[in-house]
Amino acid sequence: MSESWSNWSGSVRARPERIARPRTESELAALVRSAAQVRAVGAGHSFMPLCETSGTLLQLDELEGRITPAGDGRSVWAPAGWSLAKLSQALWGLGCSLPNQDDINVQSLAGALATGTHGTGAELGSLSTFALGFRLMLADGSTVECSPEQRPELYQAARLSLGLVGIVLQIRVAVIPALHLEERVYRMPLTVLVEQFGSLAAKHRHAEFYIFPYANEAVVKTLHPDEDTTTSPPQREGDERLLGRGCDWSARLPWLTGPFQRLMTRSIKPTHRSGPAHRIFPSTRTVPFETMEYQVPRDMGLETLLKALAWVRKRRLPVTFPLEFRWVAGDDIWLSPFNRGPCASISMRQYAKLPWQQLFAQAEPIFRAAGGRPHWAKRHTLSAEDVRALYPKLAAFNAIRREVDPEGKFINAPLAQLFEIR
């Protein structure tokens, strides 16, 4: 009987013909050559069926590899299957850091880049913008390198590829000198924050906030470079335990959702900690959820967030998780949601034990009306027609995909439908 696989939240499940964990590139090449269909999976933090396959599912966290400085003092070659946690820890040992991270660090480097995963920062792009080159394994088991100078069109497609142009073996990643960060968390009335967020984002390297739909105060988090190299104690997990209990009670008694959220918000006290960036960026995530995230033009961001909050409140919907608001810089990547300029990123989450499909589908038009594009790995209902309209470079991407994978070895049914691959 074949082995089963599921994503982090348990909502995406697959029973591929085979799950393989190659340790060497030669072993990987043999697997790729012999398989009719192949998908690679990282930590399973995608909420969309990107890794579904009836063929071979590859897990690359045990694949041989090490970090190698690229020789320019500003980048390294890193194993694509390593988690961001493992990579950032190893970089720290070399005296450097990633330019930015999300607050989840269990994701694989390749998976984060392939889906356009991002952190927070008005002047900082997604993790895909840090990729300066790739080593890829193609459908015939051969390997190629690409960069802005070497096979530049393949490089452009690989920067955010959804795994459609090959198996990523190594990525040349931009790095910065070892970064210490100071984190401050505090509450602020939403009405005041809406007026002041622009100045907060300009003042700090990273600024974001969370707002429960039925609370009047938001929880603000700022991160800024810190010359003090003292390391604060690890983050406490008490807030996650309280959130989990509140979600369970709200699932049983929906009328408790509002009172719980106001209590939860009031329980959050101002905190301050500092330390190496790779220890400050991550947050504890133990309560399972589903999420939809849209990137909207920055000047539409706060207005769109307020509309989404008003929509939830008017319908008295039991949305148990806070909405998250961040700014992200624009880029020029073909399939990036940020390639039209600076964006506001708005995440809507729901407790995994509560119905979320109808909630997200009905809320999605609010974000689409603002010109938003979804995070590829988060829940959305885009059609092939929508993808064509939102991504003018789609034809160029598909041309490269056909060139390197003419038989469609690296596609699956959901992606074939979304990208009209026959």
# chains A, B, ... in the order shown; residues from 1 in each chain; ligands from 1
>>> residues_around(residues="A:Gly371", least_positions_apart="3", cutoff="9 Å", atoms="only C-alpha atoms", output="ChimeraX atom specification")
/A:295-297,300,367-368
>>> write_last_selection(atoms="N, CA, C and O atoms", output="compact mmCIF listing (two decimals), in the first residue's frame")
# COMPACT_ATOMS: atom_id res chain seq x y z
N GLN A 295 -2.44 40.08 -1.89
CA GLN A 295 -1.55 41.24 -2.01
C GLN A 295 -2.30 42.29 -2.84
O GLN A 295 -2.63 42.05 -4.00
N VAL A 296 -2.57 43.42 -2.23
CA VAL A 296 -3.30 44.49 -2.92
C VAL A 296 -2.37 45.69 -3.07
O VAL A 296 -1.40 45.85 -2.32
N PRO A 297 -2.62 46.55 -4.06
CA PRO A 297 -1.79 47.76 -4.18
C PRO A 297 -1.72 48.50 -2.84
O PRO A 297 -2.72 48.62 -2.14
N MET A 300 -4.24 50.90 -1.46
CA MET A 300 -5.57 50.35 -1.21
C MET A 300 -5.61 49.45 0.02
O MET A 300 -6.66 48.93 0.40
N PHE A 367 -11.07 41.47 -1.77
CA PHE A 367 -9.65 41.64 -2.11
C PHE A 367 -9.45 41.73 -3.62
O PHE A 367 -8.60 42.49 -4.10
N ARG A 368 -10.23 40.97 -4.38
CA ARG A 368 -10.13 41.03 -5.84
C ARG A 368 -10.56 42.41 -6.35
O ARG A 368 -9.98 42.94 -7.30
>>> residues_around(residues="A:Leu354", least_positions_apart="2", cutoff="9 Å", atoms="only C-alpha atoms", output="list in words")
Cys247, Ala251, Phe289, Pro318, Val319, Thr320, Gln350, Tyr351, Ala352 and Trp356 of chain A
>>> select_by_dssp(residues="stretch 10-224 of chain A", states="alpha helix (DSSP H)", output="PyMOL selection string")
chain A and resi 25-34+84-93+109-115+152-159+190-203
>>> select_by_dssp(residues="stretch 86-277 of chain A", states="strand (DSSP E or B)", output="PyMOL selection string")
chain A and resi 96-97+108+121+131-137+143-146+167-174+176-177+180-189+206-211+217-225+271-276
>>> residues_around(residues="A:Leu394", least_positions_apart="6", cutoff="10 Å", atoms="only C-alpha atoms", output="VMD selection string")
chain A and resid 157 334 to 335 387 to 388 419
>>> write_last_selection(atoms="all heavy atoms", output="compact mmCIF listing (two decimals), in the first residue's frame")
# COMPACT_ATOMS: atom_id res chain seq x y z
N ALA A 157 11.95 32.27 -14.80
CA ALA A 157 10.86 31.33 -14.51
C ALA A 157 11.09 30.63 -13.18
O ALA A 157 10.14 30.38 -12.42
CB ALA A 157 10.74 30.32 -15.64
N TRP A 334 8.17 37.11 -12.91
CA TRP A 334 7.07 36.85 -13.84
C TRP A 334 5.77 36.47 -13.14
O TRP A 334 4.72 37.00 -13.46
CB TRP A 334 7.47 35.74 -14.81
CG TRP A 334 8.47 36.17 -15.84
CD1 TRP A 334 8.95 37.43 -16.05
CD2 TRP A 334 9.12 35.32 -16.80
NE1 TRP A 334 9.87 37.43 -17.08
CE2 TRP A 334 9.98 36.15 -17.55
CE3 TRP A 334 9.06 33.97 -17.08
CZ2 TRP A 334 10.78 35.65 -18.59
CZ3 TRP A 334 9.86 33.46 -18.11
CH2 TRP A 334 10.69 34.29 -18.86
N LEU A 335 5.81 35.53 -12.22
CA LEU A 335 4.59 35.04 -11.58
C LEU A 335 4.41 35.57 -10.16
O LEU A 335 3.65 35.01 -9.38
CB LEU A 335 4.57 33.51 -11.55
CG LEU A 335 4.45 32.79 -12.88
CD1 LEU A 335 4.24 31.28 -12.66
CD2 LEU A 335 3.30 33.34 -13.72
N VAL A 387 -5.83 33.82 -14.00
CA VAL A 387 -4.37 33.80 -14.03
C VAL A 387 -3.86 34.50 -15.27
O VAL A 387 -2.90 35.30 -15.22
CB VAL A 387 -3.84 32.35 -13.94
CG1 VAL A 387 -2.32 32.32 -14.11
CG2 VAL A 387 -4.22 31.73 -12.60
N ARG A 388 -4.48 34.25 -16.41
CA ARG A 388 -4.07 34.94 -17.64
C ARG A 388 -4.20 36.44 -17.51
O ARG A 388 -3.34 37.20 -17.96
CB ARG A 388 -4.91 34.46 -18.83
CG ARG A 388 -4.59 33.08 -19.33
CD ARG A 388 -5.12 32.87 -20.76
NE ARG A 388 -6.52 33.25 -20.90
CZ ARG A 388 -7.55 32.44 -20.68
NH1 ARG A 388 -7.32 31.20 -20.27
NH2 ARG A 388 -8.79 32.85 -20.84
N PHE A 419 -3.06 26.46 -15.12
CA PHE A 419 -2.18 27.01 -16.14
C PHE A 419 -2.53 26.54 -17.56
O PHE A 419 -1.79 26.79 -18.48
CB PHE A 419 -0.72 26.68 -15.82
CG PHE A 419 -0.16 27.46 -14.68
CD1 PHE A 419 -0.38 27.07 -13.37
CD2 PHE A 419 0.56 28.61 -14.91
CE1 PHE A 419 0.13 27.80 -12.31
CE2 PHE A 419 1.08 29.35 -13.86
CZ PHE A 419 0.85 28.95 -12.55
>>> residues_around(residues="A:Thr129", least_positions_apart="6", cutoff="10 Å", atoms="only C-alpha atoms", output="list in words")
Pro99, Leu113, Gly116, His118, Arg159, Leu160, Val173, Ala174, Ala329, Gly330, Asp331, Asp332, Ile333 and Ser336 of chain A
>>> write_last_selection(atoms="N, CA, C and O atoms", output="mmCIF file, in the first residue's frame")
data_model
loop_
_atom_site.group_PDB
_atom_site.id
_atom_site.type_symbol
_atom_site.label_atom_id
_atom_site.label_comp_id
_atom_site.auth_asym_id
_atom_site.auth_seq_id
_atom_site.Cartn_x
_atom_site.Cartn_y
_atom_site.Cartn_z
ATOM 1 N N PRO A 99 18.377 38.351 4.173
ATOM 2 C CA PRO A 99 17.895 39.729 4.237
ATOM 3 C C PRO A 99 16.539 39.862 4.926
ATOM 4 O O PRO A 99 16.226 40.907 5.488
ATOM 5 N N LEU A 113 10.617 29.917 -1.905
ATOM 6 C CA LEU A 113 10.839 30.696 -3.118
ATOM 7 C C LEU A 113 9.846 30.334 -4.214
ATOM 8 O O LEU A 113 9.364 31.210 -4.947
ATOM 9 N N GLY A 116 6.540 32.265 -3.629
ATOM 10 C CA GLY A 116 6.521 33.701 -3.374
ATOM 11 C C GLY A 116 6.324 34.053 -1.919
ATOM 12 O O GLY A 116 5.818 35.135 -1.599
ATOM 13 N N HIS A 118 6.909 35.508 1.699
ATOM 14 C CA HIS A 118 7.514 36.799 2.012
ATOM 15 C C HIS A 118 7.471 37.055 3.504
ATOM 16 O O HIS A 118 6.734 36.405 4.252
ATOM 17 N N ARG A 159 12.530 31.678 -10.500
ATOM 18 C CA ARG A 159 12.464 32.529 -9.295
ATOM 19 C C ARG A 159 11.152 32.311 -8.536
ATOM 20 O O ARG A 159 11.128 32.394 -7.312
ATOM 21 N N LEU A 160 10.082 32.087 -9.255
ATOM 22 C CA LEU A 160 8.812 31.697 -8.642
ATOM 23 C C LEU A 160 8.155 30.750 -9.632
ATOM 24 O O LEU A 160 7.516 31.172 -10.584
ATOM 25 N N VAL A 173 21.792 32.427 -2.912
ATOM 26 C CA VAL A 173 20.944 33.334 -2.142
ATOM 27 C C VAL A 173 21.747 34.540 -1.670
ATOM 28 O O VAL A 173 22.865 34.394 -1.168
ATOM 29 N N ALA A 174 21.166 35.722 -1.831
ATOM 30 C CA ALA A 174 21.781 36.935 -1.295
ATOM 31 C C ALA A 174 21.788 36.886 0.229
ATOM 32 O O ALA A 174 20.824 36.409 0.850
ATOM 33 N N ALA A 329 7.679 45.031 -0.582
ATOM 34 C CA ALA A 329 8.150 45.764 -1.753
ATOM 35 C C ALA A 329 7.752 45.051 -3.046
ATOM 36 O O ALA A 329 7.501 43.843 -3.060
ATOM 37 N N GLY A 330 7.709 45.799 -4.126
ATOM 38 C CA GLY A 330 7.425 45.224 -5.439
ATOM 39 C C GLY A 330 8.642 44.531 -6.030
ATOM 40 O O GLY A 330 9.756 44.629 -5.515
ATOM 41 N N ASP A 331 8.434 43.799 -7.129
ATOM 42 C CA ASP A 331 9.533 43.117 -7.806
ATOM 43 C C ASP A 331 9.216 42.977 -9.287
ATOM 44 O O ASP A 331 8.207 43.510 -9.774
ATOM 45 N N ASP A 332 10.070 42.261 -10.016
ATOM 46 C CA ASP A 332 9.880 42.082 -11.467
ATOM 47 C C ASP A 332 9.775 40.609 -11.846
ATOM 48 O O ASP A 332 10.034 40.227 -12.994
ATOM 49 N N ILE A 333 9.397 39.754 -10.911
ATOM 50 C CA ILE A 333 9.344 38.311 -11.148
ATOM 51 C C ILE A 333 8.068 37.960 -11.908
ATOM 52 O O ILE A 333 6.985 38.435 -11.568
ATOM 53 N N SER A 336 5.081 36.657 -9.840
ATOM 54 C CA SER A 336 4.991 37.194 -8.493
ATOM 55 C C SER A 336 3.751 38.058 -8.311
ATOM 56 O O SER A 336 3.451 38.913 -9.153
#
>>> residues_around(residues="A:Phe47", least_positions_apart="6", cutoff="7 Å", atoms="only C-alpha atoms", output="CSV table (one decimal) with C-alpha atoms, in the first residue's frame")
chain,number,residue,atom,x,y,z
A,12,VAL,CA,-4.6,18.7,1.6
A,290,GLU,CA,-6.5,27.6,7.1
A,377,ALA,CA,0.3,28.8,-1.5
A,378,LYS,CA,-2.7,30.2,0.4
A,379,ARG,CA,-6.4,29.5,-0.3
>>> atom_distance(atom1="atom CA of A:Leu323", atom2="atom CA of A:Ala389")
27.0 Å
>>> closest_residue(among="A:Arg23, A:Val168, A:Tyr155, A:Gln59", to="A:Pro79", atoms="only C-alpha atoms")
A:Val168
>>> closest_residue(among="A:Phe321, A:Phe212, A:Phe134, A:Trp82", to="A:Gly111", atoms="only C-alpha atoms")
A:Trp82
>>> closest_residue(among="A:Ser347, A:Thr291, A:Asn339, A:Ser26", to="A:Ala308", atoms="only C-alpha atoms")
A:Ser347
